[in-house]
Amino acid sequence: MTQPPILTVRNLTTVFPDENGGLHALRDVSFDVHPREFICVLGPSGSGKTTLLRVMAGLLQPTSGQVTFARKQHPRIGMVFQQATLMPWRTVLQNITLPLEIRGDGTHSAHRKAREMIELVGLQGFEHSLPRDLSGGMAQRVAIARALIHDPDLLLLDEPFGSLDALTRERMWTELSRIWQARQKTVIMVTHSISESLFLADRVLVLTQRPGTIKMDMRVDLPRPREEAIRFTAHFGKLARKLRDAIE
Amino acid sequence: MIKRFLPVLLSLPAFLLGWHLLTRYSGIPNFILPSPLSVWTRFLRAVGDGSLQYHTWITLTEILLGLLAGVTFATVVGYLLAKSRSLEKALSPYLVASQAIPVIAIAPLLVIWLGDGILSKVVICALIVFFPVLVNTVVGVRAVPTALYDLMHSLHATRAQILWKVEVPASLPVFLGGLRIGATLSVIGAIVGELVDAEEGLGFLLQVGDFQYDTPMVFVAVFTLIALALALYGIVRFLENKFLKWQERSNV
Ligand SMILES: Nc1ncnc2c1ncn2[C@@H]1O[C@H](COP(=O)(O)OP(=O)(O)O)[C@@H](O)[C@H]1O
Ligand SMILES: [Mg+2]
């Protein structure tokens, strides 16, 4: 990457207080993020992936180290959590407009943008449905639309497809790829699926078992757009093997 | 709608008929168990001279003011308790202890302190409403999913936005459950106060009826109280139906 990083993570360490001297979730994590990069963070569960995202989103103060944004102090962040985290009393449309409402946008333009987003994630006809009437995949797409609507500088995704069945998940990969390319976002996505990370990412960071440290920072040099069939190529298999070895 | 009320529409005439037959053939004197007809006549008379409306209005005022004061105070204190563990630790022993004192026991004291007018009844009413609303406010606010706070913080929402867009709607179901209990209790509160000492109100009417062996009047007052309690309960149910449509229809 020739462009300067838009985000640098330096010597991040996070310790949660517990009975025996503190639980080290992350230890000395450093990496750079470049504009429009798609980074996947891979690691066994409990390796501090969620903690890393929460620190980057400003939801958690690190014990030491810092996250620095190049342009401004408070970047706009779009976040998708492990669960869809919708407000059950709001319709799909109202859930999606939330970030604009918080920013103080007018209802009219908010609704117009929300309809664009609904089209982008393919939920036309469900504008006025309540979350209780949505399937897991639909709810997660609402969460993605909500994360994108205020045109964030940085998209943070925490195992967004973890709760979906295999078929839906693979459809979501294609959709996310498409959205990422159309919207030119910088994305950091946590996952524990090797093929998911290879299908989507420019770069994969592998975290070790607790305390999470970066064990591997691998560039994914597969051509784009990536089709289903890419998973059966020799190069894909080689990268997958490298990642699997790093995780174990 | 019709289906829902059909059982009541059928059971009510049966109840009245049974009551009528009981007073007619059991030989129980009218001043102990008045017949439904004499209660009805007494009701018409009390409405005719305006006394029932007057006393109902007094009691209703006490109830509504007591509810307003009790619910407002309980909601504010409950929210603060829910948000602050240290405040909860400091206050909850007093709150729990206060519940060991039956309001009925301190009602005479409150009447001595605050006079036999409307104020003492409003305060008794507010006290009795306070606790269930407080508890449900605390439980409701505590139950707000932490993930929604994370969401709001990731969007740099202000405290007020978190309050109105997350905490209020998320805790509303549990809060309204508390209000439903409180609304029913508020009627009891007002009557307890009036029975201690009062110059007006349905409790006063009840006592006068009692002293004068005007048992039909006592029945009229009791039925009016039931109607008030049902109306308040109905209003809360209405609010629940209006604001909690998003919930599954499984709430009791
Ligand atoms: N708020 C917290 N308080 C205490 N321990 C936590 C907290 N959040 C996470 N942890 C612990 O930190 C470790 C890493 O958690 P997490 O970041 O959720 O891992 P991952 O997302 O990779 O599964 C786990 O052992 C977890 O129990
Ligand atoms: Mg996690």
# chains A, B, ... in the order shown; residues from 1 in each chain; ligands from 1
>>> residues_near_ligand(ligand="ligand 1", cutoff="6 Å", atoms="only C-alpha atoms and all ligand atoms", output="MDAnalysis selection string")
chainID A and resid 16 25 45:51
>>> interface_residues(of="chain A", to="chain B", cutoff="9 Å", atoms="only C-alpha atoms", output="JSON, numbers by chain")
{"A": [54, 57, 58, 59, 74, 76, 77, 78, 79, 80, 81, 83, 85, 86, 87, 88, 89, 90, 91, 99, 102, 103, 130, 131, 132]}
>>> write_last_selection(atoms="N, CA, C and O atoms", output="compact mmCIF listing (two decimals), in the first residue's frame")
# COMPACT_ATOMS: atom_id res chain seq x y z
N ARG A 54 -13.98 -3.69 20.00
CA ARG A 54 -14.57 -2.74 20.97
C ARG A 54 -13.59 -1.61 21.29
O ARG A 54 -14.00 -0.46 21.45
N ALA A 57 -13.62 0.73 18.35
CA ALA A 57 -14.86 1.50 18.26
C ALA A 57 -14.95 2.54 19.37
O ALA A 57 -15.88 3.33 19.41
N GLY A 58 -13.99 2.50 20.29
CA GLY A 58 -14.04 3.45 21.40
C GLY A 58 -15.00 3.03 22.50
O GLY A 58 -15.38 3.82 23.35
N LEU A 59 -15.43 1.77 22.49
CA LEU A 59 -16.36 1.29 23.52
C LEU A 59 -15.61 0.82 24.75
O LEU A 59 -16.21 0.62 25.81
N HIS A 74 -12.59 11.68 16.10
CA HIS A 74 -13.78 10.82 16.22
C HIS A 74 -14.28 10.39 14.85
O HIS A 74 -15.12 11.03 14.26
N ARG A 76 -16.32 8.45 11.99
CA ARG A 76 -17.64 7.84 11.96
C ARG A 76 -17.48 6.34 11.86
O ARG A 76 -16.75 5.84 11.00
N ILE A 77 -18.14 5.64 12.74
CA ILE A 77 -17.98 4.19 12.78
C ILE A 77 -19.31 3.51 12.53
O ILE A 77 -20.35 3.93 13.04
N GLY A 78 -19.29 2.50 11.68
CA GLY A 78 -20.46 1.65 11.50
C GLY A 78 -20.11 0.30 12.08
O GLY A 78 -19.09 -0.27 11.75
N MET A 79 -20.96 -0.17 12.99
CA MET A 79 -20.60 -1.40 13.68
C MET A 79 -21.70 -2.43 13.51
O MET A 79 -22.88 -2.12 13.62
N VAL A 80 -21.28 -3.66 13.24
CA VAL A 80 -22.24 -4.77 13.23
C VAL A 80 -21.78 -5.77 14.28
O VAL A 80 -20.65 -6.23 14.24
N PHE A 81 -22.67 -6.04 15.21
CA PHE A 81 -22.29 -6.88 16.33
C PHE A 81 -22.56 -8.35 16.02
O PHE A 81 -23.22 -8.68 15.04
N GLN A 83 -24.54 -10.38 17.47
CA GLN A 83 -25.99 -10.48 17.29
C GLN A 83 -26.46 -9.23 16.55
O GLN A 83 -25.81 -8.20 16.63
N THR A 85 -28.64 -7.06 17.13
CA THR A 85 -28.81 -5.91 17.99
C THR A 85 -29.74 -4.87 17.38
O THR A 85 -29.41 -3.70 17.25
N LEU A 86 -30.92 -5.32 16.99
CA LEU A 86 -31.93 -4.38 16.52
C LEU A 86 -32.81 -3.97 17.69
O LEU A 86 -32.86 -4.65 18.71
N MET A 87 -33.48 -2.85 17.53
CA MET A 87 -34.43 -2.43 18.55
C MET A 87 -35.78 -3.05 18.21
O MET A 87 -36.37 -2.73 17.18
N PRO A 88 -36.27 -3.95 19.07
CA PRO A 88 -37.47 -4.72 18.71
C PRO A 88 -38.71 -3.85 18.56
O PRO A 88 -39.68 -4.29 17.94
N TRP A 89 -38.69 -2.64 19.10
CA TRP A 89 -39.88 -1.77 19.00
C TRP A 89 -39.84 -0.91 17.74
O TRP A 89 -40.78 -0.18 17.47
N ARG A 90 -38.77 -1.00 16.99
CA ARG A 90 -38.68 -0.21 15.76
C ARG A 90 -38.83 -1.11 14.54
O ARG A 90 -38.39 -2.25 14.54
N THR A 91 -39.44 -0.55 13.51
CA THR A 91 -39.54 -1.30 12.26
C THR A 91 -38.17 -1.35 11.59
O THR A 91 -37.23 -0.68 12.04
N PRO A 99 -28.83 5.80 13.04
CA PRO A 99 -27.60 6.62 13.06
C PRO A 99 -27.85 8.05 12.55
O PRO A 99 -27.23 8.99 13.06
N ILE A 102 -29.64 10.06 15.30
CA ILE A 102 -28.71 10.46 16.36
C ILE A 102 -27.89 11.65 15.91
O ILE A 102 -27.59 12.55 16.68
N ARG A 103 -27.57 11.66 14.62
CA ARG A 103 -26.80 12.77 14.08
C ARG A 103 -27.64 14.02 13.92
O ARG A 103 -27.13 15.12 13.76
N LEU A 130 -41.44 -5.72 11.75
CA LEU A 130 -40.76 -5.63 13.03
C LEU A 130 -39.69 -6.72 13.10
O LEU A 130 -39.83 -7.77 12.46
N PRO A 131 -38.62 -6.48 13.88
CA PRO A 131 -37.54 -7.47 13.97
C PRO A 131 -38.03 -8.88 14.31
O PRO A 131 -37.44 -9.84 13.85
N ARG A 132 -39.09 -8.98 15.10
CA ARG A 132 -39.55 -10.31 15.49
C ARG A 132 -40.03 -11.12 14.29
O ARG A 132 -40.12 -12.34 14.36
>>> closest_residue(among="A:Leu120, A:Leu148, A:Leu200, A:Leu42", to="ligand 2", atoms="only C-alpha atoms and all ligand atoms")
A:Leu42
>>> residues_around(residues="B:Glu199", least_positions_apart="2", cutoff="10 Å", atoms="only C-alpha atoms", output="VMD selection string")
chain B and resid 55 116 to 118 194 to 195 197 201 to 205 208
>>> residues_around(residues="B:Ile226", least_positions_apart="6", cutoff="12 Å", atoms="only C-alpha atoms", output="count of residues only")
12
>>> residues_around(residues="stretch 35-37 of chain B", least_positions_apart="5", cutoff="12 Å", atoms="only C-alpha atoms", output="PDB file with all heavy atoms, in the first residue's frame")
ATOM      1  N   PRO B  13     -75.513 -11.519  34.405  1.00  0.00           N
ATOM      2  CA  PRO B  13     -76.933 -11.746  34.746  1.00  0.00           C
ATOM      3  C   PRO B  13     -77.116 -12.938  35.679  1.00  0.00           C
ATOM      4  O   PRO B  13     -77.951 -12.893  36.598  1.00  0.00           O
ATOM      5  CB  PRO B  13     -77.590 -12.025  33.388  1.00  0.00           C
ATOM      6  CG  PRO B  13     -76.653 -11.485  32.387  1.00  0.00           C
ATOM      7  CD  PRO B  13     -75.287 -11.569  32.959  1.00  0.00           C
ATOM      8  N   PHE B  15     -75.043 -13.973  37.923  1.00  0.00           N
ATOM      9  CA  PHE B  15     -74.624 -13.523  39.250  1.00  0.00           C
ATOM     10  C   PHE B  15     -75.739 -12.701  39.921  1.00  0.00           C
ATOM     11  O   PHE B  15     -76.105 -12.929  41.074  1.00  0.00           O
ATOM     12  CB  PHE B  15     -73.348 -12.689  39.107  1.00  0.00           C
ATOM     13  CG  PHE B  15     -72.952 -11.943  40.353  1.00  0.00           C
ATOM     14  CD1 PHE B  15     -72.447 -12.616  41.454  1.00  0.00           C
ATOM     15  CD2 PHE B  15     -73.087 -10.554  40.412  1.00  0.00           C
ATOM     16  CE1 PHE B  15     -72.078 -11.926  42.600  1.00  0.00           C
ATOM     17  CE2 PHE B  15     -72.726  -9.857  41.563  1.00  0.00           C
ATOM     18  CZ  PHE B  15     -72.224 -10.552  42.654  1.00  0.00           C
ATOM     19  N   LEU B  16     -76.315 -11.760  39.147  1.00  0.00           N
ATOM     20  CA  LEU B  16     -77.366 -10.899  39.695  1.00  0.00           C
ATOM     21  C   LEU B  16     -78.598 -11.723  40.076  1.00  0.00           C
ATOM     22  O   LEU B  16     -79.212 -11.505  41.129  1.00  0.00           O
ATOM     23  CB  LEU B  16     -77.745  -9.824  38.673  1.00  0.00           C
ATOM     24  CG  LEU B  16     -76.669  -8.748  38.461  1.00  0.00           C
ATOM     25  CD1 LEU B  16     -77.060  -7.825  37.311  1.00  0.00           C
ATOM     26  CD2 LEU B  16     -76.448  -7.947  39.737  1.00  0.00           C
ATOM     27  N   LEU B  17     -78.917 -12.688  39.227  1.00  0.00           N
ATOM     28  CA  LEU B  17     -80.082 -13.531  39.496  1.00  0.00           C
ATOM     29  C   LEU B  17     -79.864 -14.341  40.774  1.00  0.00           C
ATOM     30  O   LEU B  17     -80.748 -14.415  41.642  1.00  0.00           O
ATOM     31  CB  LEU B  17     -80.341 -14.459  38.298  1.00  0.00           C
ATOM     32  CG  LEU B  17     -81.599 -15.321  38.431  1.00  0.00           C
ATOM     33  CD1 LEU B  17     -82.855 -14.457  38.373  1.00  0.00           C
ATOM     34  CD2 LEU B  17     -81.650 -16.414  37.363  1.00  0.00           C
ATOM     35  N   GLY B  18     -78.674 -14.936  40.882  1.00  0.00           N
ATOM     36  CA  GLY B  18     -78.347 -15.719  42.080  1.00  0.00           C
ATOM     37  C   GLY B  18     -78.453 -14.866  43.337  1.00  0.00           C
ATOM     38  O   GLY B  18     -79.025 -15.274  44.360  1.00  0.00           O
ATOM     39  N   TRP B  19     -77.918 -13.662  43.236  1.00  0.00           N
ATOM     40  CA  TRP B  19     -77.945 -12.722  44.354  1.00  0.00           C
ATOM     41  C   TRP B  19     -79.404 -12.397  44.734  1.00  0.00           C
ATOM     42  O   TRP B  19     -79.793 -12.430  45.901  1.00  0.00           O
ATOM     43  CB  TRP B  19     -77.157 -11.481  43.932  1.00  0.00           C
ATOM     44  CG  TRP B  19     -77.121 -10.351  44.930  1.00  0.00           C
ATOM     45  CD1 TRP B  19     -77.533 -10.373  46.216  1.00  0.00           C
ATOM     46  CD2 TRP B  19     -76.637  -9.033  44.681  1.00  0.00           C
ATOM     47  NE1 TRP B  19     -77.339  -9.165  46.814  1.00  0.00           N
ATOM     48  CE2 TRP B  19     -76.782  -8.307  45.873  1.00  0.00           C
ATOM     49  CE3 TRP B  19     -76.086  -8.392  43.560  1.00  0.00           C
ATOM     50  CZ2 TRP B  19     -76.397  -6.972  45.975  1.00  0.00           C
ATOM     51  CZ3 TRP B  19     -75.712  -7.074  43.682  1.00  0.00           C
ATOM     52  CH2 TRP B  19     -75.873  -6.373  44.876  1.00  0.00           C
ATOM     53  N   HIS B  20     -80.185 -12.134  43.709  1.00  0.00           N
ATOM     54  CA  HIS B  20     -81.591 -11.799  43.926  1.00  0.00           C
ATOM     55  C   HIS B  20     -82.313 -12.942  44.641  1.00  0.00           C
ATOM     56  O   HIS B  20     -83.030 -12.735  45.632  1.00  0.00           O
ATOM     57  CB  HIS B  20     -82.267 -11.495  42.583  1.00  0.00           C
ATOM     58  CG  HIS B  20     -83.741 -11.277  42.697  1.00  0.00           C
ATOM     59  ND1 HIS B  20     -84.266 -10.119  43.236  1.00  0.00           N
ATOM     60  CD2 HIS B  20     -84.790 -12.065  42.365  1.00  0.00           C
ATOM     61  CE1 HIS B  20     -85.585 -10.201  43.232  1.00  0.00           C
ATOM     62  NE2 HIS B  20     -85.935 -11.385  42.702  1.00  0.00           N
ATOM     63  N   LEU B  21     -82.116 -14.150  44.133  1.00  0.00           N
ATOM     64  CA  LEU B  21     -82.799 -15.309  44.715  1.00  0.00           C
ATOM     65  C   LEU B  21     -82.357 -15.528  46.156  1.00  0.00           C
ATOM     66  O   LEU B  21     -83.153 -15.868  47.024  1.00  0.00           O
ATOM     67  CB  LEU B  21     -82.518 -16.559  43.870  1.00  0.00           C
ATOM     68  CG  LEU B  21     -83.133 -16.513  42.457  1.00  0.00           C
ATOM     69  CD1 LEU B  21     -82.734 -17.749  41.656  1.00  0.00           C
ATOM     70  CD2 LEU B  21     -84.650 -16.397  42.548  1.00  0.00           C
ATOM     71  N   LEU B  22     -81.060 -15.300  46.399  1.00  0.00           N
ATOM     72  CA  LEU B  22     -80.527 -15.485  47.744  1.00  0.00           C
ATOM     73  C   LEU B  22     -81.211 -14.542  48.734  1.00  0.00           C
ATOM     74  O   LEU B  22     -81.665 -14.954  49.804  1.00  0.00           O
ATOM     75  CB  LEU B  22     -79.011 -15.233  47.725  1.00  0.00           C
ATOM     76  CG  LEU B  22     -78.271 -15.501  49.041  1.00  0.00           C
ATOM     77  CD1 LEU B  22     -78.259 -16.993  49.349  1.00  0.00           C
ATOM     78  CD2 LEU B  22     -76.840 -14.959  48.983  1.00  0.00           C
ATOM     79  N   THR B  23     -81.311 -13.258  48.380  1.00  0.00           N
ATOM     80  CA  THR B  23     -81.922 -12.299  49.301  1.00  0.00           C
ATOM     81  C   THR B  23     -83.427 -12.558  49.448  1.00  0.00           C
ATOM     82  O   THR B  23     -84.022 -12.319  50.477  1.00  0.00           O
ATOM     83  CB  THR B  23     -81.719 -10.854  48.814  1.00  0.00           C
ATOM     84  OG1 THR B  23     -82.161 -10.773  47.457  1.00  0.00           O
ATOM     85  CG2 THR B  23     -80.267 -10.455  48.893  1.00  0.00           C
ATOM     86  N   ARG B  24     -83.989 -13.084  48.418  1.00  0.00           N
ATOM     87  CA  ARG B  24     -85.437 -13.287  48.415  1.00  0.00           C
ATOM     88  C   ARG B  24     -85.874 -14.474  49.278  1.00  0.00           C
ATOM     89  O   ARG B  24     -86.848 -14.395  50.002  1.00  0.00           O
ATOM     90  CB  ARG B  24     -85.861 -13.515  46.957  1.00  0.00           C
ATOM     91  CG  ARG B  24     -87.308 -13.869  46.786  1.00  0.00           C
ATOM     92  CD  ARG B  24     -88.013 -12.814  46.022  1.00  0.00           C
ATOM     93  NE  ARG B  24     -89.439 -12.954  46.208  1.00  0.00           N
ATOM     94  CZ  ARG B  24     -90.333 -12.441  45.407  1.00  0.00           C
ATOM     95  NH1 ARG B  24     -89.929 -11.707  44.391  1.00  0.00           N
ATOM     96  NH2 ARG B  24     -91.616 -12.612  45.623  1.00  0.00           N
ATOM     97  N   TYR B  25     -85.143 -15.588  49.179  1.00  0.00           N
ATOM     98  CA  TYR B  25     -85.614 -16.822  49.820  1.00  0.00           C
ATOM     99  C   TYR B  25     -84.805 -17.241  51.039  1.00  0.00           C
ATOM    100  O   TYR B  25     -85.169 -18.180  51.727  1.00  0.00           O
ATOM    101  CB  TYR B  25     -85.633 -17.960  48.797  1.00  0.00           C
ATOM    102  CG  TYR B  25     -86.629 -17.708  47.686  1.00  0.00           C
ATOM    103  CD1 TYR B  25     -86.216 -17.380  46.414  1.00  0.00           C
ATOM    104  CD2 TYR B  25     -88.007 -17.770  47.958  1.00  0.00           C
ATOM    105  CE1 TYR B  25     -87.123 -17.116  45.408  1.00  0.00           C
ATOM    106  CE2 TYR B  25     -88.924 -17.507  46.955  1.00  0.00           C
ATOM    107  CZ  TYR B  25     -88.481 -17.183  45.683  1.00  0.00           C
ATOM    108  OH  TYR B  25     -89.380 -16.919  44.688  1.00  0.00           O
ATOM    109  N   SER B  26     -83.699 -16.561  51.327  1.00  0.00           N
ATOM    110  CA  SER B  26     -82.889 -17.034  52.454  1.00  0.00           C
ATOM    111  C   SER B  26     -83.331 -16.428  53.774  1.00  0.00           C
ATOM    112  O   SER B  26     -82.974 -16.915  54.844  1.00  0.00           O
ATOM    113  CB  SER B  26     -81.425 -16.682  52.217  1.00  0.00           C
ATOM    114  OG  SER B  26     -81.293 -15.270  52.272  1.00  0.00           O
ATOM    115  N   GLY B  27     -84.099 -15.339  53.718  1.00  0.00           N
ATOM    116  CA  GLY B  27     -84.524 -14.694  54.946  1.00  0.00           C
ATOM    117  C   GLY B  27     -83.458 -13.798  55.566  1.00  0.00           C
ATOM    118  O   GLY B  27     -83.626 -13.320  56.685  1.00  0.00           O
ATOM    119  N   ILE B  28     -82.343 -13.561  54.850  1.00  0.00           N
ATOM    120  CA  ILE B  28     -81.349 -12.615  55.361  1.00  0.00           C
ATOM    121  C   ILE B  28     -81.938 -11.209  55.262  1.00  0.00           C
ATOM    122  O   ILE B  28     -82.404 -10.800  54.196  1.00  0.00           O
ATOM    123  CB  ILE B  28     -80.049 -12.687  54.529  1.00  0.00           C
ATOM    124  CG1 ILE B  28     -79.436 -14.090  54.624  1.00  0.00           C
ATOM    125  CG2 ILE B  28     -79.036 -11.648  54.995  1.00  0.00           C
ATOM    126  CD1 ILE B  28     -78.269 -14.320  53.673  1.00  0.00           C
ATOM    127  N   PRO B  29     -81.931 -10.444  56.380  1.00  0.00           N
ATOM    128  CA  PRO B  29     -82.556  -9.115  56.333  1.00  0.00           C
ATOM    129  C   PRO B  29     -81.807  -8.162  55.392  1.00  0.00           C
ATOM    130  O   PRO B  29     -80.622  -8.315  55.161  1.00  0.00           O
ATOM    131  CB  PRO B  29     -82.484  -8.622  57.781  1.00  0.00           C
ATOM    132  CG  PRO B  29     -81.522  -9.520  58.456  1.00  0.00           C
ATOM    133  CD  PRO B  29     -81.474 -10.802  57.708  1.00  0.00           C
ATOM    134  N   ASN B  30     -82.546  -7.180  54.893  1.00  0.00           N
ATOM    135  CA  ASN B  30     -82.026  -6.267  53.879  1.00  0.00           C
ATOM    136  C   ASN B  30     -80.834  -5.448  54.369  1.00  0.00           C
ATOM    137  O   ASN B  30     -79.959  -5.095  53.584  1.00  0.00           O
ATOM    138  CB  ASN B  30     -83.150  -5.340  53.412  1.00  0.00           C
ATOM    139  CG  ASN B  30     -82.853  -4.780  52.022  1.00  0.00           C
ATOM    140  OD1 ASN B  30     -82.454  -5.527  51.137  1.00  0.00           O
ATOM    141  ND2 ASN B  30     -83.021  -3.476  51.856  1.00  0.00           N
ATOM    142  N   ARG B  42     -81.030   2.613  45.406  1.00  0.00           N
ATOM    143  CA  ARG B  42     -80.183   3.502  46.207  1.00  0.00           C
ATOM    144  C   ARG B  42     -79.198   4.238  45.303  1.00  0.00           C
ATOM    145  O   ARG B  42     -78.901   5.421  45.510  1.00  0.00           O
ATOM    146  CB  ARG B  42     -79.413   2.668  47.247  1.00  0.00           C
ATOM    147  CG  ARG B  42     -78.682   3.499  48.292  1.00  0.00           C
ATOM    148  CD  ARG B  42     -79.666   4.257  49.171  1.00  0.00           C
ATOM    149  NE  ARG B  42     -79.012   5.213  50.054  1.00  0.00           N
ATOM    150  CZ  ARG B  42     -78.631   6.439  49.698  1.00  0.00           C
ATOM    151  NH1 ARG B  42     -78.833   6.847  48.459  1.00  0.00           N
ATOM    152  NH2 ARG B  42     -78.063   7.248  50.570  1.00  0.00           N
ATOM    153  N   PHE B  43     -78.706   3.492  44.305  1.00  0.00           N
ATOM    154  CA  PHE B  43     -77.770   4.078  43.338  1.00  0.00           C
ATOM    155  C   PHE B  43     -78.429   5.241  42.603  1.00  0.00           C
ATOM    156  O   PHE B  43     -77.879   6.337  42.502  1.00  0.00           O
ATOM    157  CB  PHE B  43     -77.322   2.991  42.352  1.00  0.00           C
ATOM    158  CG  PHE B  43     -76.568   3.505  41.148  1.00  0.00           C
ATOM    159  CD1 PHE B  43     -75.257   3.939  41.266  1.00  0.00           C
ATOM    160  CD2 PHE B  43     -77.183   3.560  39.899  1.00  0.00           C
ATOM    161  CE1 PHE B  43     -74.568   4.422  40.164  1.00  0.00           C
ATOM    162  CE2 PHE B  43     -76.489   4.045  38.789  1.00  0.00           C
ATOM    163  CZ  PHE B  43     -75.182   4.473  38.927  1.00  0.00           C
ATOM    164  N   LEU B  44     -79.675   5.007  42.132  1.00  0.00           N
ATOM    165  CA  LEU B  44     -80.381   6.054  41.394  1.00  0.00           C
ATOM    166  C   LEU B  44     -80.602   7.280  42.274  1.00  0.00           C
ATOM    167  O   LEU B  44     -80.462   8.424  41.830  1.00  0.00           O
ATOM    168  CB  LEU B  44     -81.721   5.521  40.885  1.00  0.00           C
ATOM    169  CG  LEU B  44     -81.607   4.480  39.761  1.00  0.00           C
ATOM    170  CD1 LEU B  44     -82.997   4.027  39.309  1.00  0.00           C
ATOM    171  CD2 LEU B  44     -80.823   5.039  38.574  1.00  0.00           C
ATOM    172  N   THR B 215     -77.154  -0.184  54.295  1.00  0.00           N
ATOM    173  CA  THR B 215     -76.294  -1.145  53.613  1.00  0.00           C
ATOM    174  C   THR B 215     -76.321  -1.007  52.086  1.00  0.00           C
ATOM    175  O   THR B 215     -75.292  -1.152  51.438  1.00  0.00           O
ATOM    176  CB  THR B 215     -76.648  -2.579  54.027  1.00  0.00           C
ATOM    177  OG1 THR B 215     -76.898  -2.577  55.431  1.00  0.00           O
ATOM    178  CG2 THR B 215     -75.505  -3.529  53.717  1.00  0.00           C
ATOM    179  N   PRO B 216     -77.481  -0.728  51.471  1.00  0.00           N
ATOM    180  CA  PRO B 216     -77.462  -0.509  50.019  1.00  0.00           C
ATOM    181  C   PRO B 216     -76.478   0.576  49.609  1.00  0.00           C
ATOM    182  O   PRO B 216     -75.797   0.461  48.596  1.00  0.00           O
ATOM    183  CB  PRO B 216     -78.906  -0.097  49.706  1.00  0.00           C
ATOM    184  CG  PRO B 216     -79.708  -0.748  50.767  1.00  0.00           C
ATOM    185  CD  PRO B 216     -78.857  -0.708  52.007  1.00  0.00           C
ATOM    186  N   MET B 217     -76.370   1.639  50.434  1.00  0.00           N
ATOM    187  CA  MET B 217     -75.407   2.712  50.149  1.00  0.00           C
ATOM    188  C   MET B 217     -73.974   2.180  50.179  1.00  0.00           C
ATOM    189  O   MET B 217     -73.133   2.545  49.342  1.00  0.00           O
ATOM    190  CB  MET B 217     -75.570   3.824  51.200  1.00  0.00           C
ATOM    191  CG  MET B 217     -74.748   5.063  50.924  1.00  0.00           C
ATOM    192  SD  MET B 217     -75.254   5.834  49.386  1.00  0.00           S
ATOM    193  CE  MET B 217     -73.755   5.729  48.468  1.00  0.00           C
ATOM    194  N   PHE B 219     -73.050  -0.816  49.478  1.00  0.00           N
ATOM    195  CA  PHE B 219     -72.867  -1.570  48.237  1.00  0.00           C
ATOM    196  C   PHE B 219     -72.629  -0.643  47.044  1.00  0.00           C
ATOM    197  O   PHE B 219     -71.774  -0.913  46.189  1.00  0.00           O
ATOM    198  CB  PHE B 219     -74.080  -2.464  47.973  1.00  0.00           C
ATOM    199  CG  PHE B 219     -73.942  -3.817  48.619  1.00  0.00           C
ATOM    200  CD1 PHE B 219     -73.992  -3.955  50.000  1.00  0.00           C
ATOM    201  CD2 PHE B 219     -73.759  -4.948  47.850  1.00  0.00           C
ATOM    202  CE1 PHE B 219     -73.858  -5.195  50.598  1.00  0.00           C
ATOM    203  CE2 PHE B 219     -73.618  -6.201  48.439  1.00  0.00           C
ATOM    204  CZ  PHE B 219     -73.678  -6.331  49.817  1.00  0.00           C
ATOM    205  N   VAL B 220     -73.389   0.447  47.008  1.00  0.00           N
ATOM    206  CA  VAL B 220     -73.207   1.395  45.906  1.00  0.00           C
ATOM    207  C   VAL B 220     -71.779   1.933  45.917  1.00  0.00           C
ATOM    208  O   VAL B 220     -71.098   1.986  44.887  1.00  0.00           O
ATOM    209  CB  VAL B 220     -74.223   2.561  46.016  1.00  0.00           C
ATOM    210  CG1 VAL B 220     -73.856   3.679  45.045  1.00  0.00           C
ATOM    211  CG2 VAL B 220     -75.628   2.051  45.747  1.00  0.00           C
ATOM    212  N   PHE B 223     -69.317  -0.822  44.774  1.00  0.00           N
ATOM    213  CA  PHE B 223     -69.361  -1.054  43.323  1.00  0.00           C
ATOM    214  C   PHE B 223     -68.714   0.100  42.558  1.00  0.00           C
ATOM    215  O   PHE B 223     -68.058  -0.097  41.535  1.00  0.00           O
ATOM    216  CB  PHE B 223     -70.806  -1.284  42.854  1.00  0.00           C
ATOM    217  CG  PHE B 223     -71.291  -2.679  43.145  1.00  0.00           C
ATOM    218  CD1 PHE B 223     -72.504  -2.896  43.784  1.00  0.00           C
ATOM    219  CD2 PHE B 223     -70.527  -3.784  42.787  1.00  0.00           C
ATOM    220  CE1 PHE B 223     -72.950  -4.186  44.062  1.00  0.00           C
ATOM    221  CE2 PHE B 223     -70.959  -5.074  43.055  1.00  0.00           C
ATOM    222  CZ  PHE B 223     -72.170  -5.274  43.697  1.00  0.00           C
TER     223      PHE B 223
END
>>> residues_around(residues="stretch 96-100 of chain B", least_positions_apart="6", cutoff="12 Å", atoms="only C-alpha atoms", output="list of chain:residue names")
B:Glu88, B:Lys89, B:Ala90, B:Ile106, B:Leu127, B:Ile128, B:Val129, B:Phe130, B:Phe131, B:Pro132, B:Leu134, B:Val135
>>> atom_distance(atom1="atom CA of A:His24", atom2="atom 1 (Mg, counted along the ligand's line) of ligand 2")
14.9 Å
>>> select_by_dssp(residues="stretch 121-167 of chain A", states="alpha helix (DSSP H)", output="list in words")
Gly136, Gly137, Met138, Ala139, Gln140, Arg141, Val142, Ala143, Ile144, Ala145, Arg146, Ala147, Leu148, Ala166 and Leu167 of chain A
>>> closest_residue(among="A:Leu7, A:Ala147, A:Met138, A:Met189", to="ligand 2", atoms="only C-alpha atoms and all ligand atoms")
A:Met189
>>> residues_around(residues="A:Lys242", least_positions_apart="3", cutoff="12 Å", atoms="only C-alpha atoms", output="number ranges by chain")
A: 194-195, 198, 204, 206, 215-220, 235-239, 245-248
>>> atom_distance(atom1="atom CA of A:Val121", atom2="atom CA of A:Arg141")
6.0 Å
>>> atom_distance(atom1="atom CA of B:Phe73", atom2="atom CA of B:Ile104")
20.5 Å
